[in-house]
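target_12.txt (compact mmCIF, C-alpha atoms and all ligand atoms) appears below.
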```
# COMPACT_ATOMS: atom_id res chain seq x y z
CA MET T 1 19.60 36.32 -0.52
CA SER T 2 16.38 34.50 -1.36
CA GLU T 3 13.56 34.58 1.21
CA ARG T 4 11.90 31.64 -0.45
CA PRO T 5 11.67 28.48 1.68
CA LYS T 6 14.21 25.86 0.69
CA VAL T 7 12.78 22.44 0.00
CA PHE T 8 13.95 19.12 -1.36
CA VAL T 9 11.53 17.00 -3.39
CA THR T 10 12.84 13.45 -3.58
CA ARG T 11 11.23 12.44 -6.93
CA VAL T 12 9.31 13.91 -9.81
CA ILE T 13 5.60 13.89 -8.92
CA PRO T 14 2.66 15.13 -11.02
CA ASP T 15 2.58 18.81 -11.86
CA GLU T 16 -0.58 19.32 -9.79
CA GLY T 17 1.83 19.44 -6.83
CA LEU T 18 5.17 20.30 -8.32
CA ALA T 19 4.00 23.55 -9.92
CA ALA T 20 2.71 24.87 -6.59
CA VAL T 21 5.96 24.02 -4.82
CA ARG T 22 8.05 25.53 -7.60
CA ALA T 23 5.99 28.76 -7.50
CA VAL T 24 6.64 29.34 -3.81
CA CYS T 25 9.90 27.61 -2.89
CA GLU T 26 13.49 27.31 -3.86
CA MET T 27 13.13 23.70 -4.92
CA ASP T 28 15.81 21.07 -5.32
CA LEU T 29 14.21 18.22 -7.28
CA TRP T 30 15.64 14.70 -7.57
CA THR T 31 14.85 13.79 -11.18
CA ASP T 32 16.17 10.21 -11.43
CA GLU T 33 13.74 7.31 -11.80
CA LEU T 34 15.32 5.62 -8.76
CA PRO T 35 15.20 7.21 -5.29
CA PRO T 36 18.19 9.19 -4.10
CA PRO T 37 20.75 6.88 -2.49
CA ARG T 38 20.88 7.31 1.28
CA ASP T 39 24.07 9.41 1.34
CA GLU T 40 22.73 11.67 -1.40
CA LEU T 41 19.41 12.03 0.44
CA LEU T 42 21.20 13.04 3.63
CA ARG T 43 23.36 15.51 1.71
CA ARG T 44 20.40 17.09 -0.09
CA VAL T 45 18.17 17.56 2.97
CA ALA T 46 20.82 19.60 4.82
CA GLY T 47 19.59 23.09 5.62
CA ARG T 48 16.11 22.59 4.12
CA ASP T 49 12.90 24.04 5.54
CA GLY T 50 10.87 21.19 4.14
CA VAL T 51 11.20 17.85 2.38
CA LEU T 52 8.63 16.14 0.19
CA THR T 53 9.34 12.44 0.63
CA LEU T 54 8.16 9.18 -0.91
CA LEU T 55 7.62 5.85 0.81
CA THR T 56 11.07 4.86 -0.46
CA ASP T 57 12.79 7.50 1.71
CA ARG T 58 13.55 6.60 5.34
CA VAL T 59 12.99 9.54 7.69
CA ASP T 60 14.65 8.75 11.01
CA GLY T 61 16.96 10.39 13.54
CA VAL T 62 19.89 10.30 11.11
CA PHE T 63 17.82 12.00 8.42
CA LEU T 64 16.63 14.65 10.88
CA ASP T 65 20.20 15.24 12.12
CA ALA T 66 21.33 15.67 8.52
CA ALA T 67 18.51 18.10 7.78
CA GLY T 68 19.34 20.21 10.81
CA PRO T 69 17.24 22.32 13.17
CA GLY T 70 15.69 24.44 10.40
CA LEU T 71 13.56 21.54 9.11
CA LYS T 72 9.89 22.33 9.69
CA VAL T 73 7.99 19.71 7.72
CA VAL T 74 8.19 16.30 6.10
CA SER T 75 5.37 15.82 3.62
CA ASN T 76 4.94 12.21 2.52
CA TYR T 77 3.53 11.53 -0.94
CA ALA T 78 1.55 8.52 0.35
CA VAL T 79 -1.17 7.73 2.83
CA GLY T 80 1.14 5.21 4.53
CA PHE T 81 3.90 6.66 6.67
CA ASP T 82 5.76 3.62 7.99
CA ASN T 83 8.92 5.07 6.36
CA ILE T 84 8.80 7.96 8.87
CA ASP T 85 9.67 7.99 12.56
CA VAL T 86 6.73 10.21 13.42
CA ALA T 87 7.46 10.26 17.16
CA GLU T 88 11.03 11.46 16.53
CA CYS T 89 9.76 14.16 14.14
CA ALA T 90 7.29 15.33 16.80
CA ARG T 91 10.02 15.41 19.44
CA ARG T 92 12.01 17.74 17.21
CA GLY T 93 9.04 19.92 16.27
CA VAL T 94 8.94 18.70 12.65
CA ALA T 95 5.40 18.41 11.26
CA VAL T 96 4.52 15.32 9.21
CA GLY T 97 1.85 15.15 6.51
CA ASN T 98 0.38 12.35 4.36
CA THR T 99 -2.26 12.00 1.63
CA PRO T 100 -5.31 10.23 3.09
CA GLY T 101 -8.69 9.93 1.40
CA VAL T 102 -7.82 10.76 -2.19
CA LEU T 103 -6.47 7.29 -2.99
CA THR T 104 -9.12 5.23 -1.19
CA GLU T 105 -11.31 4.30 -4.17
CA THR T 106 -8.39 3.83 -6.57
CA THR T 107 -6.64 1.48 -4.14
CA ALA T 108 -9.86 -0.46 -3.57
CA ASP T 109 -10.27 -0.76 -7.36
CA LEU T 110 -6.86 -2.42 -7.61
CA ALA T 111 -7.48 -4.70 -4.64
CA PHE T 112 -10.63 -5.92 -6.36
CA ALA T 113 -8.86 -6.21 -9.72
CA LEU T 114 -6.18 -8.39 -8.10
CA LEU T 115 -8.83 -10.51 -6.39
CA MET T 116 -10.62 -11.12 -9.69
CA ALA T 117 -7.44 -11.63 -11.69
CA ALA T 118 -6.10 -14.21 -9.25
CA ALA T 119 -9.46 -16.00 -8.95
CA ARG T 120 -10.08 -16.16 -12.69
CA ARG T 121 -6.41 -16.81 -13.46
CA LEU T 122 -6.03 -13.89 -15.88
CA PRO T 123 -2.19 -13.73 -15.86
CA GLU T 124 -2.02 -17.49 -16.53
CA GLY T 125 -4.54 -17.13 -19.37
CA ASP T 126 -2.57 -14.26 -20.88
CA ARG T 127 0.70 -16.21 -20.69
CA TYR T 128 -1.03 -19.27 -22.21
CA VAL T 129 -2.25 -17.31 -25.23
CA ARG T 130 1.06 -15.53 -25.83
CA ALA T 131 2.94 -18.84 -25.57
CA GLY T 132 0.87 -20.13 -28.52
CA GLN T 133 -0.82 -22.81 -26.38
CA TRP T 134 -4.44 -21.83 -27.21
CA ARG T 135 -5.60 -24.53 -29.63
CA THR T 136 -9.33 -24.84 -28.91
CA TRP T 137 -12.09 -24.00 -26.46
CA GLY T 138 -11.33 -26.20 -23.46
CA PRO T 139 -14.02 -27.49 -21.11
CA MET T 140 -11.44 -27.93 -18.37
CA LEU T 141 -9.19 -25.00 -19.26
CA LEU T 142 -8.09 -22.58 -16.52
CA LEU T 143 -10.98 -23.27 -14.18
CA GLY T 144 -11.18 -21.08 -11.10
CA PRO T 145 -13.58 -20.20 -8.30
CA ASP T 146 -16.49 -17.80 -8.59
CA VAL T 147 -16.17 -14.35 -7.09
CA HIS T 148 -19.88 -13.51 -6.96
CA GLY T 149 -21.63 -14.94 -3.93
CA ALA T 150 -18.35 -15.93 -2.24
CA THR T 151 -17.20 -14.87 1.24
CA ILE T 152 -14.61 -12.12 1.59
CA GLY T 153 -12.67 -11.34 4.74
CA ILE T 154 -11.37 -7.77 4.94
CA VAL T 155 -8.52 -7.41 7.40
CA GLY T 156 -8.18 -3.74 8.32
CA PHE T 157 -11.56 -2.02 8.03
CA GLY T 158 -10.61 1.62 7.61
CA ARG T 159 -11.35 3.79 4.58
CA ILE T 160 -9.85 1.41 2.00
CA GLY T 161 -11.19 -1.77 3.59
CA GLN T 162 -14.68 -0.26 3.60
CA ALA T 163 -14.30 0.76 -0.07
CA VAL T 164 -13.44 -2.87 -0.89
CA ALA T 165 -16.57 -3.92 1.02
CA ARG T 166 -18.69 -1.65 -1.21
CA ARG T 167 -17.29 -3.41 -4.27
CA ALA T 168 -17.90 -6.82 -2.67
CA GLN T 169 -21.53 -5.84 -2.04
CA GLY T 170 -21.96 -5.37 -5.79
CA PHE T 171 -20.81 -8.96 -6.28
CA GLY T 172 -23.29 -10.30 -3.73
CA MET T 173 -20.51 -11.45 -1.43
CA GLU T 174 -20.77 -12.25 2.25
CA ILE T 175 -18.57 -9.66 3.97
CA LEU T 176 -16.62 -10.38 7.14
CA TYR T 177 -14.07 -8.02 8.65
CA HIS T 178 -11.38 -7.92 11.26
CA ASP T 179 -9.72 -4.85 12.73
CA LEU T 180 -7.92 -3.95 15.93
CA HIS T 181 -10.94 -1.77 16.63
CA ARG T 182 -14.51 -2.68 15.71
CA VAL T 183 -16.12 0.00 13.56
CA PRO T 184 -19.43 1.49 14.77
CA ASP T 185 -22.55 -0.44 13.79
CA GLU T 186 -23.76 2.51 11.69
CA VAL T 187 -20.67 1.98 9.47
CA ALA T 188 -20.66 -1.84 9.39
CA GLU T 189 -24.40 -2.46 8.99
CA PRO T 190 -24.99 -0.62 5.68
CA LEU T 191 -22.05 -2.56 4.28
CA GLY T 192 -23.49 -5.81 5.61
CA ALA T 193 -20.11 -6.41 7.27
CA THR T 194 -19.74 -8.70 10.28
CA PHE T 195 -16.81 -8.42 12.71
CA LEU T 196 -14.95 -11.60 13.61
CA PRO T 197 -11.70 -12.35 15.41
CA LEU T 198 -9.02 -13.30 12.89
CA GLU T 199 -9.00 -16.97 13.90
CA ASP T 200 -12.76 -17.18 13.25
CA LEU T 201 -12.71 -15.07 10.09
CA LEU T 202 -9.91 -16.76 8.12
CA PRO T 203 -11.38 -20.31 8.07
CA ARG T 204 -14.64 -18.96 6.58
CA CYS T 205 -13.24 -16.87 3.72
CA ASP T 206 -12.85 -17.62 0.02
CA TYR T 207 -10.99 -14.31 -0.36
CA VAL T 208 -8.95 -12.38 2.17
CA SER T 209 -7.92 -8.79 1.41
CA ILE T 210 -5.44 -6.99 3.68
CA HIS T 211 -5.81 -3.26 4.43
CA VAL T 212 -3.97 -2.65 7.71
CA ASN T 213 -1.28 -0.04 8.35
CA LEU T 214 2.18 -1.48 8.89
CA SER T 215 3.01 -1.28 12.60
CA GLU T 216 4.69 -3.48 15.16
CA GLU T 217 1.26 -5.06 15.76
CA THR T 218 0.68 -5.92 12.10
CA ARG T 219 4.21 -6.87 10.96
CA GLY T 220 4.06 -10.60 10.12
CA LEU T 221 0.32 -10.74 10.88
CA ILE T 222 -0.09 -13.29 8.08
CA LYS T 223 2.35 -16.07 8.92
CA ALA T 224 2.43 -19.87 8.84
CA GLU T 225 -0.02 -20.14 11.74
CA THR T 226 -2.59 -17.72 10.28
CA LEU T 227 -2.22 -19.12 6.74
CA ALA T 228 -3.03 -22.55 8.20
CA TRP T 229 -6.39 -21.18 9.36
CA MET T 230 -7.37 -20.37 5.76
CA LYS T 231 -9.21 -22.62 3.30
CA PRO T 232 -7.06 -24.56 0.80
CA THR T 233 -9.15 -22.85 -1.90
CA ALA T 234 -8.63 -19.32 -0.52
CA VAL T 235 -7.10 -16.38 -2.38
CA LEU T 236 -5.05 -13.84 -0.41
CA VAL T 237 -4.77 -10.24 -1.66
CA ASN T 238 -2.37 -7.65 -0.24
CA THR T 239 -2.40 -3.96 -1.17
CA SER T 240 -1.23 -2.71 2.25
CA ARG T 241 2.47 -3.18 3.00
CA GLY T 242 4.65 -6.18 2.17
CA PRO T 243 5.95 -6.94 5.69
CA VAL T 244 2.38 -7.62 6.90
CA ILE T 245 2.86 -11.04 5.26
CA ASP T 246 5.73 -13.40 6.07
CA HIS T 247 6.84 -14.13 2.50
CA ARG T 248 8.62 -17.36 3.29
CA ALA T 249 5.48 -18.70 4.97
CA LEU T 250 3.37 -17.54 2.02
CA ALA T 251 5.64 -19.28 -0.49
CA ASP T 252 5.42 -22.51 1.56
CA ALA T 253 1.63 -22.18 1.79
CA LEU T 254 1.27 -21.67 -1.97
CA ARG T 255 3.67 -24.50 -2.76
CA HIS T 256 1.95 -27.00 -0.47
CA GLY T 257 -1.66 -26.04 -1.23
CA VAL T 258 -2.36 -24.54 2.19
CA ILE T 259 -4.05 -21.75 0.21
CA ALA T 260 -4.81 -21.62 -3.52
CA ALA T 261 -3.40 -18.29 -4.70
CA ALA T 262 -2.09 -14.87 -3.74
CA ALA T 263 -2.12 -11.50 -5.44
CA LEU T 264 0.35 -8.92 -4.19
CA ASP T 265 0.69 -5.23 -4.93
CA VAL T 266 3.29 -4.91 -2.18
CA THR T 267 6.21 -7.15 -1.25
CA ASP T 268 8.98 -7.41 1.32
CA PRO T 269 11.38 -6.07 0.23
CA GLU T 270 10.44 -3.85 -2.70
CA PRO T 271 11.27 -4.51 -5.41
CA ILE T 272 10.92 -8.24 -4.84
CA PRO T 273 14.22 -10.01 -5.67
CA MET T 274 13.93 -12.04 -8.87
CA ASP T 275 15.16 -15.14 -7.00
CA ASP T 276 12.31 -14.90 -4.45
CA PRO T 277 10.34 -18.19 -4.76
CA LEU T 278 7.09 -16.22 -5.12
CA VAL T 279 8.29 -14.81 -8.46
CA GLY T 280 8.38 -18.27 -10.02
CA MET T 281 4.93 -19.37 -8.86
CA ASP T 282 2.00 -19.48 -11.28
CA ASN T 283 -0.45 -19.07 -8.41
CA CYS T 284 1.14 -15.83 -7.20
CA LEU T 285 0.32 -12.65 -9.09
CA ILE T 286 2.63 -9.72 -8.35
CA VAL T 287 2.37 -6.10 -9.51
CA PRO T 288 4.80 -3.27 -8.61
CA HIS T 289 3.00 -1.31 -5.85
CA ILE T 290 0.59 0.45 -8.20
CA ALA T 291 -2.63 0.49 -6.15
CA SER T 292 -2.90 4.30 -6.19
CA ALA T 293 -1.58 4.62 -9.74
CA SER T 294 -4.42 6.29 -11.60
CA ARG T 295 -3.54 9.60 -13.24
CA ALA T 296 -6.27 11.46 -11.38
CA THR T 297 -5.39 10.05 -7.98
CA ARG T 298 -1.67 10.62 -8.32
CA GLY T 299 -2.47 14.23 -9.28
CA LYS T 300 -4.62 14.66 -6.16
CA MET T 301 -1.92 13.09 -3.99
CA ALA T 302 0.61 15.55 -5.46
CA ALA T 303 -1.63 18.54 -4.74
CA MET T 304 -2.19 17.33 -1.19
CA ALA T 305 1.50 16.67 -0.53
CA ALA T 306 2.34 20.13 -1.87
CA ALA T 307 -0.32 21.74 0.33
CA ASN T 308 1.14 20.01 3.40
CA LEU T 309 4.67 21.05 2.45
CA LEU T 310 3.72 24.68 1.87
CA ALA T 311 1.72 24.91 5.10
CA GLY T 312 4.60 23.31 7.00
CA VAL T 313 7.30 25.67 5.76
CA ARG T 314 5.06 28.57 6.85
CA ARG T 315 4.60 26.91 10.25
CA GLU T 316 0.86 26.72 9.59
CA PRO T 317 -1.28 23.68 10.54
CA LEU T 318 -1.01 20.99 7.85
CA PRO T 319 -4.23 20.18 5.94
CA THR T 320 -3.67 16.47 6.57
CA PRO T 321 -1.22 15.98 9.43
CA VAL T 322 0.06 12.68 10.78
CA HIS T 323 -0.16 12.71 14.57
CA PRO T 324 2.49 11.01 16.67
CA PRO T 325 1.43 7.78 18.40
CA GLY T 326 -0.05 7.87 21.90
C1 LIG J 401 0.35 4.81 -0.03
O1 LIG J 401 -0.11 5.91 -0.33
O2 LIG J 401 0.66 4.52 1.12
C2 LIG J 401 0.52 3.82 -1.13
O3 LIG J 401 1.16 2.68 -0.74
C3 LIG J 401 1.17 4.43 -2.35
O4 LIG J 401 0.22 5.28 -2.89
```
Starting from the file, give its structure as structure tokens.
Ligand code: DGY
Amino acid sequence: MSERPKVFVTRVIPDEGLAAVRAVCEMDLWTDELPPPRDELLRRVAGRDGVLTLLTDRVDGVFLDAAGPGLKVVSNYAVGFDNIDVAECARRGVAVGNTPGVLTETTADLAFALLMAAARRLPEGDRYVRAGQWRTWGPMLLLGPDVHGATIGIVGFGRIGQAVARRAQGFGMEILYHDLHRVPDEVAEPLGATFLPLEDLLPRCDYVSIHVNLSEETRGLIKAETLAWMKPTAVLVNTSRGPVIDHRALADALRHGVIAAAALDVTDPEPIPMDDPLVGMDNCLIVPHIASASRATRGKMAAMAAANLLAGVRREPLPTPVHPPG
């Protein structure tokens, strides 16, 4: 009988991680483009020493029951881990890992790309050209606000929020931030970032970029009441998690000019249903959760997720563990 640890990998990830797992483990790999359906996931995790999960896999008590007492580690191929009941894993002695750090700059790049694309109306311009509507240079065509010199509010001022601030500095922007915890002055000052409570920050911002973790405190953080605090010219960018924004309230705000535009990398649910009002709005740009999707970064995430998985099946400390709350 094989002594190799038994693991389930719930999707094909870059070879930087997969090769390492394959070399050491008896690996069951889910090769479909779509995630394993719930019943298949529960069937496949049974008797495994480790599982390499994606943010599309829910790891809860039912999952852990299905895996059984031999499960040692859940390694998430993401920095976010709101798909995992970390407290329940800890209670059962199952280590949890994630992939922090390696996707910070790539995610900040996309947040800034969304901000610029929404401000300068790039998707509308592209659609206009492809529809054959471009007949001449137009003095009033597709006007938008400036990005340089504007005020940005960064909500969630951890690694990624701070990386967005560095980009904003290059554009000469005024940088305001809000977070549950103020960052030390030695972090905020070099970035020229000023802390404000949300109700004081939102009315001042031309751009608002969201970078909070999804938790019970942040679910629905941006709702009708908070949107009403924003400028009618403001652009809202979300690369965190969809449920941080109340979508119905956002659609109403965009429809009635409460804010000018939104750019979303994440939605609630994912994928966004094609009959969601946001899909039909010209002033809402939506991309399919691709903030970390550079080849290099996805490779680094794969290597990190594999390292966590391999450490976990050996009962060694994970290189990048997720600690239970409290
Ligand atoms: C994450 O890592 O949490 C992103 O949402 C996907 O890379």
### Test item: residues at most 6 Å from stretch 235-240 of chain T, all atoms listed in the file, excluding those fewer than 2 positions along its chain, as JSON, numbers by chain
{"T": [207, 208, 209, 210, 211, 260, 261, 262, 263, 264, 265, 266]}
### Task
May I ask which of the residues T:Ala163, T:Val287, T:Ala113, T:Ala23 is the closest one to T:Val147, counting all atoms listed in the file?
T:Ala113
What are the closest atom pairs, with distances in Å to one decimal, for all residues of chain T lying within 10 Å of ligand LIG 401 (chain J)? Consider all atoms listed in the file, order rows by chain and residue number, and present the result as CSV.
```
residue,atom,partner,partner_atom,distance
T:Leu54,CA,J:LIG401,C3,8.6
T:Leu55,CA,J:LIG401,O2,7.1
T:Asn76,CA,J:LIG401,O1,8.6
T:Tyr77,CA,J:LIG401,O1,6.7
T:Ala78,CA,J:LIG401,O1,3.2
T:Val79,CA,J:LIG401,O1,3.8
T:Gly80,CA,J:LIG401,O2,3.5
T:Phe81,CA,J:LIG401,O2,6.8
T:Asp82,CA,J:LIG401,O2,8.6
T:Asn83,CA,J:LIG401,O2,9.8
T:Asn98,CA,J:LIG401,O1,8.0
T:Thr99,CA,J:LIG401,O1,6.7
T:Pro100,CA,J:LIG401,O1,7.6
T:Gly101,CA,J:LIG401,O1,9.6
T:Val102,CA,J:LIG401,O1,9.3
T:Leu103,CA,J:LIG401,O4,7.0
T:Thr104,CA,J:LIG401,O1,9.1
T:Thr106,CA,J:LIG401,O4,9.5
T:Thr107,CA,J:LIG401,O4,7.9
T:Asn213,CA,J:LIG401,O2,8.8
T:Leu214,CA,J:LIG401,O2,9.9
T:Thr239,CA,J:LIG401,O3,7.5
T:Ser240,CA,J:LIG401,O3,6.6
T:Arg241,CA,J:LIG401,O3,7.1
T:Gly242,CA,J:LIG401,O3,10.0
T:Asp265,CA,J:LIG401,O3,9.0
T:Val266,CA,J:LIG401,O3,8.0
T:His289,CA,J:LIG401,O3,6.7
T:Ile290,CA,J:LIG401,C3,7.1
T:Ala291,CA,J:LIG401,O4,6.5
T:Ser292,CA,J:LIG401,O4,4.6
T:Ala293,CA,J:LIG401,O4,7.1
T:Ser294,CA,J:LIG401,O4,9.9
T:Thr297,CA,J:LIG401,O4,9.0
T:Arg298,CA,J:LIG401,O4,7.8
T:Met301,CA,J:LIG401,O4,8.2
```
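Pairwise distance (atom CA of T:Lys231, atom CA of T:Arg127) equals 26.7 Å.
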### Query
Which one of T:Thr136, T:Val155, T:Val129, T:Arg58 sits closest to T:Pro37 if you count only C-alpha atoms?
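Among the listed residues, T:Arg58 lies closest to T:Pro37.
Between T:Ile286 and the residues T:Ala111, T:Leu29, T:Val94, T:Val59, the shortest atom-to-atom distance, using only C-alpha atoms, involves T:Ala111.
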### Query
Near T:Gly50, counting only C-alpha atoms, which residues have an atom at most 8 Å away, once you skip same-chain residues fewer than 2 positions from it, shown as a ChimeraX atom specification?
/T:5-8,48,52,71-75,309,312-313
Centre, x/y/z edge lengths, axis-aligned box for stretch 11-25 of chain T with 8 Å per side, as JSON:
```
{"center_x": 5.3, "center_y": 20.9, "center_z": -7.4, "size_x": 27.8, "size_y": 32.9, "size_z": 25.0}
```
### Query
In terms of the shortest atom-to-atom distance over all atoms listed in the file, which of T:Leu227, T:Gly153, T:Gly170, T:Asp252 is closest to T:Cys205?
T:Gly153
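The gap separating atom CA of T:Ala67 from atom CA of T:Val45 is 4.9 Å, in Å to one decimal.
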### Message
What's around T:Glu33 at 12 Å? Count only C-alpha atoms, leave out sequence neighbours fewer than 6 positions away in its own chain, and write the answer as a list in words.
### Response
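Within the cut-off, the hits are Thr10, Arg11, Val12, Ile13 and Thr56 of chain T.
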#### Entry: Separation of atom CA of T:Met27 from atom CA of T:Pro288 in Å
28.5 Å
### Query
From the set T:Leu64, T:Leu278, T:Ala307, T:Ile272, which residue has the shortest atom-to-atom contact distance to T:Arg43, counting all atoms listed in the file?
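Among T:Leu64, T:Leu278, T:Ala307, T:Ile272, it is T:Leu64 that comes nearest to T:Arg43.
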#### Entry: Pick from T:Pro321, T:Asp85, T:Gly280, T:Gly158, whichever lies nearest to T:His181 using all atoms listed in the file
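The shortest atom-to-atom distance to T:His181 comes from T:Gly158.
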### Message
Set the distance at 7 Å and use all atoms listed in the file: which residues neighbour T:Asn308 once local chain neighbours fewer than 3 positions away are removed? I'd like the list as a ChimeraX atom specification.
### Response
/T:75,97,304-305,311-312,318-320
### Query
Skipping near chain neighbours, those fewer than 2 positions away, what residues fall within 12 Å of T:Gln169 using all atoms listed in the file, listed as a ChimeraX atom specification?
/T:112,147-152,162-167,171-176,189-193
### Query
So which residues fall inside 12 Å of (-2.8, -29.3, -2.8) if we count only C-alpha atoms? Mind giving them as a count of residues only?
15
